[in-house]
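What follows is one structure encoded as structure tokens, with my remarks underneath.
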Amino acid sequence: MLKQLDHLRVYKNNIHSTIPSEIGLLQKLQYIWLYDNSINGTIPSEVGMLPQLLHLSLANNYLTGTIPTEVGVLKQLQELQLNGNNIDGVIPSEVGKLLQLKELWLFKNNINGTTPPEIGMMSQLQELSLYNNNITGTIPTEVGKLARLEDVKLNNNLITGPIPTEIRMMSKIKLLMLNDNILTGTIPSGMM
């Protein structure tokens, strides 16, 4: 066992396998970069046993199943990139515990349900990319608490209701993509 391993970089290959549950035994891992492969199966809940993990990139594979709630215990995590897979289910409310997270990339999956209001607790979040999913419900007003947020991509979902007025409190926002949803109402004053 590679117990001293802190960087696992096997991206942009042609790896055809699942992620073994034994990954949870690599307690010193800080970086898992397995993106752009042909990895299948589910994300093992054992990733929650990696207390030093900073970056988890499993993007552009063939992963299925749901996002394990155990990701909520990854207190040091700064980047969570699960985009471009076949992940379904809801975004677990436990993501709100990722207080150091800067990038949340869940786009191009089959995620459904609503955006959890706990997302408003992620005070370091700079990029929220949830586009091209089947997300329903309204945009949570708690997004207004995300003072560092620069990019918000919620387009191509099934989001309904008005654009929350709290969006205008995101003073660092550079990109706001809400197109191709089922939004109603008006553009909040102070947004322009």
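Labels for the structure tokens follow display order: chains A, B, ..., residues from 1 in each chain, ligands from 1.
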
key: Test item: residues at most 8 Å from stretch 122-134 of chain A, only C-alpha atoms, excluding those fewer than 5 positions along its chain, as a PyMOL selection string   = chain A and resi 96-113+145-158

message = List as a list of chain:residue names the protein and nucleic acid residues near stretch 57-62 of chain A, meaning an atom at most 7 Å away when only C-alpha atoms are counted, but skip any in the same chain fewer than 5 places from it.
response =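 Contacts, with the query itself left out: A:Ile32, A:Trp33, A:Leu34, A:Tyr35, A:Asp36, A:Asn37, A:Ser38, A:Ile39, A:Asn40, A:Leu80, A:Gln81, A:Leu82, A:Asn83, A:Gly84, A:Asn85, A:Asn86.
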
query = Of the residues A:Gly41, A:Leu54, A:Val47, A:Arg168, which is the one nearest to A:Glu22, using only C-alpha atoms?
reply =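 Nearest to A:Glu22: A:Val47.
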
query = So what do you get for atom CA of A:Val90 versus atom CA of A:Leu25, distance-wise?
reply = 27.0 Å

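Close contacts of A:Ile43, defined as residues with an atom at most 7 Å away when counting only C-alpha atoms, with chain neighbours fewer than 6 positions off set aside, comprise Ile19, Ile67 and Pro68 of chain A.
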
Would you mind exporting all heavy atoms of the selected residues as a compact mmCIF listing (two decimals), in the first residue's frame?
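Result file follows (again.txt):
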```
# COMPACT_ATOMS: atom_id res chain seq x y z
N ILE A 19 -13.18 2.97 -9.20
CA ILE A 19 -12.31 3.52 -8.16
C ILE A 19 -12.41 2.58 -6.96
O ILE A 19 -13.50 2.41 -6.40
CB ILE A 19 -12.74 4.94 -7.77
CG1 ILE A 19 -12.70 5.86 -8.99
CG2 ILE A 19 -11.86 5.49 -6.66
CD1 ILE A 19 -13.36 7.20 -8.78
N ILE A 67 -23.73 11.39 -5.62
CA ILE A 67 -22.59 12.01 -4.92
C ILE A 67 -22.67 11.54 -3.47
O ILE A 67 -23.67 11.77 -2.79
CB ILE A 67 -22.67 13.54 -4.99
CG1 ILE A 67 -22.66 14.02 -6.44
CG2 ILE A 67 -21.54 14.19 -4.19
CD1 ILE A 67 -23.04 15.48 -6.63
N PRO A 68 -21.63 10.86 -2.98
CA PRO A 68 -21.72 10.36 -1.61
C PRO A 68 -21.78 11.50 -0.59
O PRO A 68 -21.06 12.49 -0.70
CB PRO A 68 -20.45 9.52 -1.44
CG PRO A 68 -19.53 9.92 -2.54
CD PRO A 68 -20.37 10.52 -3.63
```

task = Give the helix (DSSP H, G or I) residues of stretch 86-143 of chain A, as assigned by DSSP on the backbone, as number ranges by chain.
result = A: 93-97, 117-121, 141-143

Export, as a PDB file, in the first residue's frame, the selected residues with N, CA, C and O atoms.
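Result written to result_38.pdb:
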```pdb
ATOM      1  N   SER A  93     -26.984  17.881   0.805  1.00  0.00           N
ATOM      2  CA  SER A  93     -26.882  19.100   1.624  1.00  0.00           C
ATOM      3  C   SER A  93     -25.535  19.184   2.329  1.00  0.00           C
ATOM      4  O   SER A  93     -25.080  20.272   2.679  1.00  0.00           O
ATOM      5  N   GLU A  94     -24.865  18.062   2.483  1.00  0.00           N
ATOM      6  CA  GLU A  94     -23.558  18.023   3.150  1.00  0.00           C
ATOM      7  C   GLU A  94     -22.508  18.854   2.424  1.00  0.00           C
ATOM      8  O   GLU A  94     -21.483  19.196   3.015  1.00  0.00           O
ATOM      9  N   VAL A  95     -22.725  19.196   1.154  1.00  0.00           N
ATOM     10  CA  VAL A  95     -21.740  20.046   0.459  1.00  0.00           C
ATOM     11  C   VAL A  95     -21.603  21.391   1.164  1.00  0.00           C
ATOM     12  O   VAL A  95     -20.571  22.038   1.069  1.00  0.00           O
ATOM     13  N   GLY A  96     -22.617  21.796   1.881  1.00  0.00           N
ATOM     14  CA  GLY A  96     -22.556  23.048   2.627  1.00  0.00           C
ATOM     15  C   GLY A  96     -21.489  23.066   3.707  1.00  0.00           C
ATOM     16  O   GLY A  96     -21.114  24.122   4.207  1.00  0.00           O
ATOM     17  N   LYS A  97     -20.974  21.884   4.061  1.00  0.00           N
ATOM     18  CA  LYS A  97     -19.917  21.792   5.069  1.00  0.00           C
ATOM     19  C   LYS A  97     -18.529  22.001   4.481  1.00  0.00           C
ATOM     20  O   LYS A  97     -17.546  22.038   5.216  1.00  0.00           O
ATOM     21  N   PRO A 117     -30.078  24.768  -0.023  1.00  0.00           N
ATOM     22  CA  PRO A 117     -29.800  26.094   0.530  1.00  0.00           C
ATOM     23  C   PRO A 117     -28.486  26.143   1.305  1.00  0.00           C
ATOM     24  O   PRO A 117     -27.894  27.206   1.450  1.00  0.00           O
ATOM     25  N   GLU A 118     -28.002  24.998   1.776  1.00  0.00           N
ATOM     26  CA  GLU A 118     -26.736  24.924   2.513  1.00  0.00           C
ATOM     27  C   GLU A 118     -25.561  25.413   1.680  1.00  0.00           C
ATOM     28  O   GLU A 118     -24.492  25.716   2.213  1.00  0.00           O
ATOM     29  N   ILE A 119     -25.764  25.529   0.390  1.00  0.00           N
ATOM     30  CA  ILE A 119     -24.709  26.034  -0.495  1.00  0.00           C
ATOM     31  C   ILE A 119     -24.293  27.444  -0.057  1.00  0.00           C
ATOM     32  O   ILE A 119     -23.158  27.859  -0.271  1.00  0.00           O
ATOM     33  N   GLY A 120     -25.192  28.157   0.580  1.00  0.00           N
ATOM     34  CA  GLY A 120     -24.910  29.512   1.055  1.00  0.00           C
ATOM     35  C   GLY A 120     -23.880  29.571   2.168  1.00  0.00           C
ATOM     36  O   GLY A 120     -23.391  30.647   2.519  1.00  0.00           O
ATOM     37  N   MET A 121     -23.510  28.421   2.740  1.00  0.00           N
ATOM     38  CA  MET A 121     -22.510  28.382   3.812  1.00  0.00           C
ATOM     39  C   MET A 121     -21.089  28.278   3.260  1.00  0.00           C
ATOM     40  O   MET A 121     -20.126  28.385   4.011  1.00  0.00           O
ATOM     41  N   THR A 141     -32.189  31.579  -2.105  1.00  0.00           N
ATOM     42  CA  THR A 141     -31.814  32.954  -1.763  1.00  0.00           C
ATOM     43  C   THR A 141     -30.453  33.009  -1.071  1.00  0.00           C
ATOM     44  O   THR A 141     -29.776  34.030  -1.100  1.00  0.00           O
ATOM     45  N   GLU A 142     -30.042  31.904  -0.480  1.00  0.00           N
ATOM     46  CA  GLU A 142     -28.767  31.837   0.245  1.00  0.00           C
ATOM     47  C   GLU A 142     -27.560  32.101  -0.655  1.00  0.00           C
ATOM     48  O   GLU A 142     -26.476  32.383  -0.154  1.00  0.00           O
ATOM     49  N   VAL A 143     -27.734  32.034  -1.983  1.00  0.00           N
ATOM     50  CA  VAL A 143     -26.595  32.329  -2.863  1.00  0.00           C
ATOM     51  C   VAL A 143     -26.117  33.764  -2.659  1.00  0.00           C
ATOM     52  O   VAL A 143     -24.961  34.077  -2.914  1.00  0.00           O
TER      53      VAL A 143
END
```

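Relative to atom CA of A:Leu56, atom CA of A:Ile135 is found at 22.3 Å.
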
query = By how many Å are atom CA of A:Gly89 and atom CA of A:Gly137 apart?
reply = 14.3 Å
